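Working notes, beginning with the structure itself.
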Amino acid sequence: MGKRVALTGNEAAALAMKQINPDVVAAYPITPQTDIVQYFSSFVHDGKVKTEFVTVESEHSAMSATIGASAAGARAMTATSSQGLALMWEMLYIASSYRLPIVMPVVNRALSGPINIHCDHSDTMGARDSGWIQLYSESAQEAYDNLIQAVRIAEHPDVRLPVMVCFDGFITSHGLENLEILEDSEVSEFIGEFEPEYSLLDPEHPVTFGPLALQNYYFEFKRQQADAMTKVAAVVRRVGMEFEKVSGRHYELFEEYRLGDAEMAMVVANSTAGTAKEVVDELRAQGKKVGLLKIRMFRPFPKEEIAAALSSKQIVAVLDRADTYSTMGGPIYNEVRSALYDEKLRPLTMSYIYGLGGRDVGLDDIRKVFSDMEASRTAGKVSEPINYLGVHE
Amino acid sequence: MIGRAWKEIPRGAVIPEPGNAHHYQTGDWRSFRPIWLKDRCIQCLRCWIMCPDSAIITEDGKVVGIDYSHCKGCGICANECPAKVDAIKMIKEDEADDFDKIASSIPDSGSVGEVNRTEPKTGLRADEGHRRSGANAGAVGREA
C-alpha cells in the first residue's frame, strides 16, 4: 500500500504524470494554464522522468504535438484548463478520430467572457461531444487515481480513445489535501508498456495518419468511434476493479452515496459532491431519505446504470456547474432526464445551474435544493424546472 | 455506391498500406476526356512527361493509350502535344462516347477507334475508397 502525502490537486496530477512517465509531454505555460505542467517540467529538468518535454507556442499546438507524438507510437500527455482547452478544440476531434489514447488532466475553469479564471465546468462540458472519454473527480485523490486508471482505459484494445480527467479549478487544483499515493513501481506495473496499434516511426510497417475521407467513408469512421464508446463502460469497470487491488480504493462508473433507499436524490459532479455529502448526512440524521449520485464517467454516459439507480426515486435534482443555454437546463441534467425517459417509473426532475465563474457553493445552497425538492415532491409537480442556484436575485 | 462496412475498415482512418495511390481512381473527376489519335502521334512523349497523374500509358517506350481510371481531364497533355501534331483532343465527357461523331469531326483522325477506351468505374473502388491519393498514381490501373 502507498504512503500518505499532502498535495494540491495540481501537484497530485503532476505526480501521477511523473509516475506514468510518458514518452512525450507537450505544453504551453500561459494563463489559463495550471501549474501541473510547471511541476512536471521540474521533474523533466531534474531527470526524474524520461519524458521528452516539448514547449510549444499555444494550446492548439500542445494538443497537435501530443497527437503527433501519440501517432508516432509514444505515450503522450498534456494538461490544460479553460481557454486553453477551448483553443485545443479543433484538435480534440482529431485526437479522438485518430483513436489516439492520449490522457489529459483538465482543471475545470470558466470560459470567458466576462474574463474569469475560476471554477466551473463550462470548459469540459463544452467538449463533451468531442469524442473524448471524460472522468470527473471529486478530490485530488480521485484526480490522481483517475489519471492512472485513464492510461489503462485509453490504451485498452477495445477502446483506443483519449481521456480527459477533470477536476475543479482552485477548489481541488490549489487546495491542499492529504492523499494516499502509490509507489512508482506500482504505477508502472499497473499501466504496463504502451503498445501502439500503429506507429509513424515503424519503417517496417509504414502508415498514413490523417487521410481525407469524404462522403464515401467519413461516416464509417464516425460510426467506429460511436461503437468504441459503447465498449468503454466495461473497461472502466474492469480497470477500476484492478486498481482497487493495487490501491484499496473502489471506483465505479459513478458513486452512490446513501442513495439506495433515498426518495430524493441529488446528482452532481466534482468537488461539490463533498459539500452535498455533508448535507445528505445532516438530513439523514433528521430522518429524511435523501441521497447523492456523483458523476464519474460522463462520456460515455452510463445511461442504463444511472436510470436504474434513479428511476425509483420520487424526485431528482441535477446540479450543473455549466449551462447549455438551450433553455433546457444543464448538460448533466439533460442526460439524466433523457436516461430516465424509458423507465416505467420516472421521478420528477429539476435542473440547478450553480457556481458559474467560481461562485461559492455552500451547505446552505445544497440545503435549499433539498428543501425545494421536498416542496415539489409534496406538490407532486415541479413548477420551476430550471433553476439558477446562488445567483444574486 | 456501397462501400466497405464500418467494422471492416482500419481503425482511426489509418492507411496501413503504403504506395496505394493507384487504388484511388480519380477518373470520375473528369469533365473533359482526352482522345488520343494514334496515327497523328509522333511519340515525342511530352504528354507522358507532363501528365500529373501518370495517366499516359506506355509500352516499350511508346504511348499506347490513356488511363481513364486516373485521368482527371486536366488537358495538360493536349496542351503540350506539339501544335503541328495535335494528336490529343479534349472532348466533353458526355459527348466522348460517340466515336463516329468524333472521327467525322476530326480530319485525318484515322484510327480514333483504337484509342484506349478504358472506362473508369463509377466512384471509388469499394474496397479501396478509404484510401487517399498521396502521390501520382502509376499507370497500373489500366483495365480491359
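Letters A, B, ... mark the chains of the C-alpha cells in the order given; residue numbers begin at 1 per chain; ligand numbers begin at 1, in order shown.
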
Counting only C-alpha atoms, a student should be able to say which residues of chain A come within 8 Å of chain B; what is the right answer, written as a list of chain:residue names? A:Ser97, A:Tyr98, A:Arg99, A:His205, A:Pro206, A:Val207, A:Thr208, A:Phe209, A:Gly210, A:Pro211, A:Leu212, A:Ala213, A:Asn216, A:Tyr217, A:Glu220, A:Phe221, A:Arg223, A:Gln224

Residues within 10 Å of Ile42 in chain B, please, as a JSON list (two decimals) with N, CA, C and O atoms, in the first residue's frame. Count only C-alpha atoms; anything in the same chain fewer than 2 positions from it doesn't count.
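Printed below is out.json as written:
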[["chain", "number", "residue", "atom", "x", "y", "z"],
["B", 38, "LYS", "N", -3.91, 7.97, -82.56],
["B", 38, "LYS", "CA", -2.68, 7.18, -82.73],
["B", 38, "LYS", "C", -1.92, 7.54, -84.01],
["B", 38, "LYS", "O", -0.69, 7.68, -84.00],
["B", 39, "ASP", "N", -2.66, 7.73, -85.13],
["B", 39, "ASP", "CA", -1.99, 7.96, -86.40],
["B", 39, "ASP", "C", -1.29, 9.31, -86.48],
["B", 39, "ASP", "O", -0.35, 9.49, -87.24],
["B", 40, "ARG", "N", -1.79, 10.27, -85.68],
["B", 40, "ARG", "CA", -1.14, 11.58, -85.66],
["B", 40, "ARG", "C", 0.07, 11.61, -84.74],
["B", 40, "ARG", "O", 0.95, 12.44, -84.86],
["B", 44, "CYS", "N", 6.59, 11.72, -79.22],
["B", 44, "CYS", "CA", 7.56, 12.61, -78.57],
["B", 44, "CYS", "C", 7.55, 12.46, -77.05],
["B", 44, "CYS", "O", 8.46, 12.87, -76.36],
["B", 45, "LEU", "N", 6.43, 11.89, -76.55],
["B", 45, "LEU", "CA", 6.26, 11.60, -75.11],
["B", 45, "LEU", "C", 6.15, 12.83, -74.21],
["B", 45, "LEU", "O", 6.30, 12.74, -73.00],
["B", 62, "LYS", "N", 6.67, 3.63, -75.89],
["B", 62, "LYS", "CA", 5.75, 4.30, -76.81],
["B", 62, "LYS", "C", 4.38, 4.46, -76.16],
["B", 62, "LYS", "O", 3.92, 3.57, -75.43],
["B", 63, "VAL", "N", 3.73, 5.61, -76.50],
["B", 63, "VAL", "CA", 2.38, 5.83, -75.99],
["B", 63, "VAL", "C", 1.44, 4.80, -76.62],
["B", 63, "VAL", "O", 1.48, 4.58, -77.83],
["B", 81, "CYS", "N", 0.96, 18.66, -76.38],
["B", 81, "CYS", "CA", 1.13, 17.99, -77.68],
["B", 81, "CYS", "C", 1.48, 19.06, -78.72],
["B", 81, "CYS", "O", 0.77, 20.07, -78.83],
["B", 82, "PRO", "N", 2.59, 18.90, -79.47],
["B", 82, "PRO", "CA", 3.00, 19.96, -80.42],
["B", 82, "PRO", "C", 1.84, 20.36, -81.33],
["B", 82, "PRO", "O", 1.10, 19.51, -81.83],
["B", 85, "VAL", "N", 1.22, 18.65, -84.50],
["B", 85, "VAL", "CA", 0.86, 17.24, -84.37],
["B", 85, "VAL", "C", -0.61, 17.10, -83.96],
["B", 85, "VAL", "O", -1.39, 16.42, -84.61],
["B", 86, "ASP", "N", -0.96, 17.79, -82.87],
["B", 86, "ASP", "CA", -2.36, 17.85, -82.43],
["B", 86, "ASP", "C", -2.99, 16.46, -82.32],
["B", 86, "ASP", "O", -4.06, 16.21, -82.87],
["B", 87, "ALA", "N", -2.30, 15.60, -81.60],
["B", 87, "ALA", "CA", -2.77, 14.20, -81.53],
["B", 87, "ALA", "C", -3.65, 13.92, -80.33],
["B", 87, "ALA", "O", -4.07, 12.78, -80.14]]

Between A:Ile115, A:Leu293, A:Val187, A:Val54, which residue has the minimum interatomic distance to Asn270 in chain A, considering only C-alpha atoms?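 Closest to Asn270 in chain A, using only C-alpha atoms: A:Leu293.
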
Spatial neighbours of Asp35 in chain A, 12 Å, only C-alpha atoms, chain gap at least 3 places, as JSON, numbers by chain: {"A": [8, 9, 10, 11, 12, 13, 14, 15, 27, 28, 29, 30, 31, 32, 38, 39, 40, 41, 42, 78, 79, 80, 81, 105, 106, 107, 169, 170, 173, 174]}

Next, write the just-selected residues to a file, as a compact mmCIF listing (two decimals), in the first residue's frame, keeping C-alpha atoms as the atom set.
# COMPACT_ATOMS: atom_id res chain seq x y z
CA THR A 8 -2.60 20.16 -4.02
CA GLY A 9 -4.71 18.76 -6.84
CA ASN A 10 -2.25 20.09 -9.37
CA GLU A 11 0.68 18.53 -7.52
CA ALA A 12 -1.22 15.26 -7.33
CA ALA A 13 -1.90 15.35 -11.08
CA ALA A 14 1.74 16.21 -11.80
CA LEU A 15 2.83 13.36 -9.55
CA ALA A 27 2.51 22.08 -23.06
CA TYR A 28 2.20 25.81 -23.22
CA PRO A 29 2.53 27.80 -20.00
CA ILE A 30 0.21 30.77 -20.18
CA THR A 31 -2.85 31.78 -18.20
CA PRO A 32 -5.12 29.93 -18.01
CA GLN A 38 5.12 23.58 -14.32
CA TYR A 39 5.65 20.87 -11.69
CA PHE A 40 6.07 18.31 -14.40
CA SER A 41 8.71 20.39 -16.19
CA SER A 42 10.76 20.38 -12.98
CA THR A 78 -0.60 17.27 -21.94
CA ALA A 79 -2.64 19.28 -19.43
CA THR A 80 -4.93 22.23 -19.83
CA SER A 81 -7.76 24.33 -18.46
CA PRO A 105 -5.84 16.30 -16.91
CA VAL A 106 -8.20 19.26 -17.30
CA VAL A 107 -8.62 21.69 -14.43
CA GLY A 169 -10.16 24.65 -10.54
CA PHE A 170 -8.75 26.16 -7.34
CA SER A 173 -6.40 22.15 -8.06
CA HIS A 174 -5.00 24.54 -5.45

Just want the 8 Å neighbourhood of Ala228 in chain A, counted on only C-alpha atoms, with same-chain residues fewer than 2 positions away dropped. Output as an mmCIF file with all heavy atoms, in the first residue's frame.
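The result, written out as result_39.cif:
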data_model
loop_
_atom_site.group_PDB
_atom_site.id
_atom_site.type_symbol
_atom_site.label_atom_id
_atom_site.label_comp_id
_atom_site.auth_asym_id
_atom_site.auth_seq_id
_atom_site.Cartn_x
_atom_site.Cartn_y
_atom_site.Cartn_z
ATOM 1 N N ASP A 158 -9.963 -2.475 -26.841
ATOM 2 C CA ASP A 158 -11.366 -2.262 -27.229
ATOM 3 C C ASP A 158 -11.712 -0.773 -27.320
ATOM 4 O O ASP A 158 -12.770 -0.425 -27.832
ATOM 5 C CB ASP A 158 -12.320 -2.881 -26.192
ATOM 6 C CG ASP A 158 -12.269 -4.392 -26.214
ATOM 7 O OD1 ASP A 158 -11.649 -4.951 -27.141
ATOM 8 O OD2 ASP A 158 -12.836 -5.007 -25.289
ATOM 9 N N VAL A 159 -10.867 0.066 -26.775
ATOM 10 C CA VAL A 159 -11.216 1.478 -26.625
ATOM 11 C C VAL A 159 -10.382 2.366 -27.563
ATOM 12 O O VAL A 159 -10.885 2.923 -28.522
ATOM 13 C CB VAL A 159 -11.052 1.926 -25.157
ATOM 14 C CG1 VAL A 159 -11.327 3.413 -25.015
ATOM 15 C CG2 VAL A 159 -11.988 1.128 -24.259
ATOM 16 N N ARG A 160 -9.111 2.530 -27.253
ATOM 17 C CA ARG A 160 -8.213 3.399 -28.034
ATOM 18 C C ARG A 160 -8.849 4.765 -28.294
ATOM 19 O O ARG A 160 -9.095 5.171 -29.418
ATOM 20 C CB ARG A 160 -7.836 2.736 -29.361
ATOM 21 C CG ARG A 160 -7.015 1.495 -29.184
ATOM 22 C CD ARG A 160 -5.546 1.750 -28.940
ATOM 23 N NE ARG A 160 -4.903 0.570 -28.382
ATOM 24 C CZ ARG A 160 -3.602 0.374 -28.259
ATOM 25 N NH1 ARG A 160 -2.768 1.308 -28.650
ATOM 26 N NH2 ARG A 160 -3.122 -0.710 -27.720
ATOM 27 N N LEU A 161 -9.149 5.435 -27.193
ATOM 28 C CA LEU A 161 -9.729 6.776 -27.281
ATOM 29 C C LEU A 161 -9.035 7.654 -26.242
ATOM 30 O O LEU A 161 -8.567 7.159 -25.221
ATOM 31 C CB LEU A 161 -11.230 6.735 -26.972
ATOM 32 C CG LEU A 161 -12.141 6.165 -28.053
ATOM 33 C CD1 LEU A 161 -13.534 5.912 -27.488
ATOM 34 C CD2 LEU A 161 -12.219 7.085 -29.266
ATOM 35 N N GLN A 224 -17.438 3.998 -36.176
ATOM 36 C CA GLN A 224 -16.457 3.256 -35.366
ATOM 37 C C GLN A 224 -16.248 3.933 -34.012
ATOM 38 O O GLN A 224 -16.165 3.265 -32.983
ATOM 39 C CB GLN A 224 -15.105 3.214 -36.084
ATOM 40 C CG GLN A 224 -15.032 2.287 -37.279
ATOM 41 C CD GLN A 224 -13.637 2.271 -37.877
ATOM 42 O OE1 GLN A 224 -12.819 3.161 -37.633
ATOM 43 N NE2 GLN A 224 -13.347 1.261 -38.686
ATOM 44 N N GLN A 225 -16.146 5.265 -34.035
ATOM 45 C CA GLN A 225 -15.953 5.994 -32.778
ATOM 46 C C GLN A 225 -17.128 5.762 -31.833
ATOM 47 O O GLN A 225 -16.941 5.555 -30.636
ATOM 48 C CB GLN A 225 -15.831 7.497 -33.048
ATOM 49 C CG GLN A 225 -14.453 7.971 -33.439
ATOM 50 C CD GLN A 225 -14.445 9.478 -33.652
ATOM 51 O OE1 GLN A 225 -14.362 9.942 -34.787
ATOM 52 N NE2 GLN A 225 -14.534 10.250 -32.591
ATOM 53 N N ALA A 226 -18.338 5.843 -32.403
ATOM 54 C CA ALA A 226 -19.531 5.644 -31.584
ATOM 55 C C ALA A 226 -19.531 4.238 -30.999
ATOM 56 O O ALA A 226 -19.895 4.024 -29.836
ATOM 57 C CB ALA A 226 -20.784 5.883 -32.421
ATOM 58 N N THR A 230 -19.237 2.509 -26.842
ATOM 59 C CA THR A 230 -20.087 1.516 -26.171
ATOM 60 C C THR A 230 -19.258 0.478 -25.408
ATOM 61 O O THR A 230 -19.791 -0.251 -24.580
ATOM 62 C CB THR A 230 -21.005 0.774 -27.173
ATOM 63 O OG1 THR A 230 -20.184 -0.034 -28.027
ATOM 64 C CG2 THR A 230 -21.824 1.735 -28.011
ATOM 65 N N LYS A 231 -17.978 0.401 -25.708
ATOM 66 C CA LYS A 231 -17.105 -0.580 -25.028
ATOM 67 C C LYS A 231 -16.463 0.006 -23.769
ATOM 68 O O LYS A 231 -15.813 -0.710 -23.017
ATOM 69 C CB LYS A 231 -15.979 -1.019 -25.982
ATOM 70 C CG LYS A 231 -16.420 -1.386 -27.383
ATOM 71 C CD LYS A 231 -16.872 -2.840 -27.434
ATOM 72 C CE LYS A 231 -17.437 -3.218 -28.787
ATOM 73 N NZ LYS A 231 -16.511 -3.044 -29.894
ATOM 74 N N VAL A 232 -16.602 1.311 -23.586
ATOM 75 C CA VAL A 232 -15.814 1.994 -22.553
ATOM 76 C C VAL A 232 -16.249 1.614 -21.133
ATOM 77 O O VAL A 232 -15.408 1.343 -20.273
ATOM 78 C CB VAL A 232 -15.878 3.524 -22.759
ATOM 79 C CG1 VAL A 232 -15.213 4.251 -21.596
ATOM 80 C CG2 VAL A 232 -15.203 3.908 -24.070
#

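Coordinates place CA of Met266 in chain A at a distance of 5.7 Å from CA of Val316 in chain A.
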
So that I can see what lies close to range 26-34 of chain B, please list as an MDAnalysis selection string the residues with an atom at most 7 Å from it, counting only C-alpha atoms and leaving out residues fewer than 5 positions away in the same chain. chainID B and resid 68:73 75 88:93 96 120 122:123

Judged by only C-alpha atoms, the minimum distance to Ala21 in chain B among B:Asp53, B:Asp98, B:Glu80, B:Asp60 is found for B:Asp53

Name all residues at most 7 Å from Glu52 in chain A (count only C-alpha atoms; drop same-chain ones fewer than 6 positions away) and give them as a CSV table (one decimal) with N, CA and C atoms, in the first residue's frame.
chain,number,residue,atom,x,y,z
A,23,ASP,N,6.2,9.2,-22.6
A,23,ASP,CA,7.3,9.5,-23.5
A,23,ASP,C,7.4,10.9,-23.9
A,24,VAL,N,6.2,11.5,-24.1
A,24,VAL,CA,6.2,12.9,-24.6
A,24,VAL,C,5.1,13.7,-23.8
A,25,VAL,N,5.5,14.9,-23.4
A,25,VAL,CA,4.5,15.9,-22.9
A,25,VAL,C,4.7,17.2,-23.6

Name the residues in contact with Arg249 in chain A at a cut-off of 12 Å, using only C-alpha atoms, excluding same-chain residues fewer than 6 positions from it; report them as a ChimeraX atom specification. /A:1-2,141-142,144-146,149,179-182,239-243

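The coordinates place CA of Val163 in chain A at 12.9 Å from CA of Thr66 in chain A.
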
Give me every alpha helix (DSSP H) residue in range 40-154 of chain A, going by DSSP on the backbone, as a PyMOL selection string. chain A and resi 40-45+59-71+82-97+122-126+140-154

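For the set A:Val49, A:Ala339, A:Ala127, A:Leu345, the residue with the smallest atom-to-atom gap to Asp184 in chain A is A:Val49, counting only C-alpha atoms.
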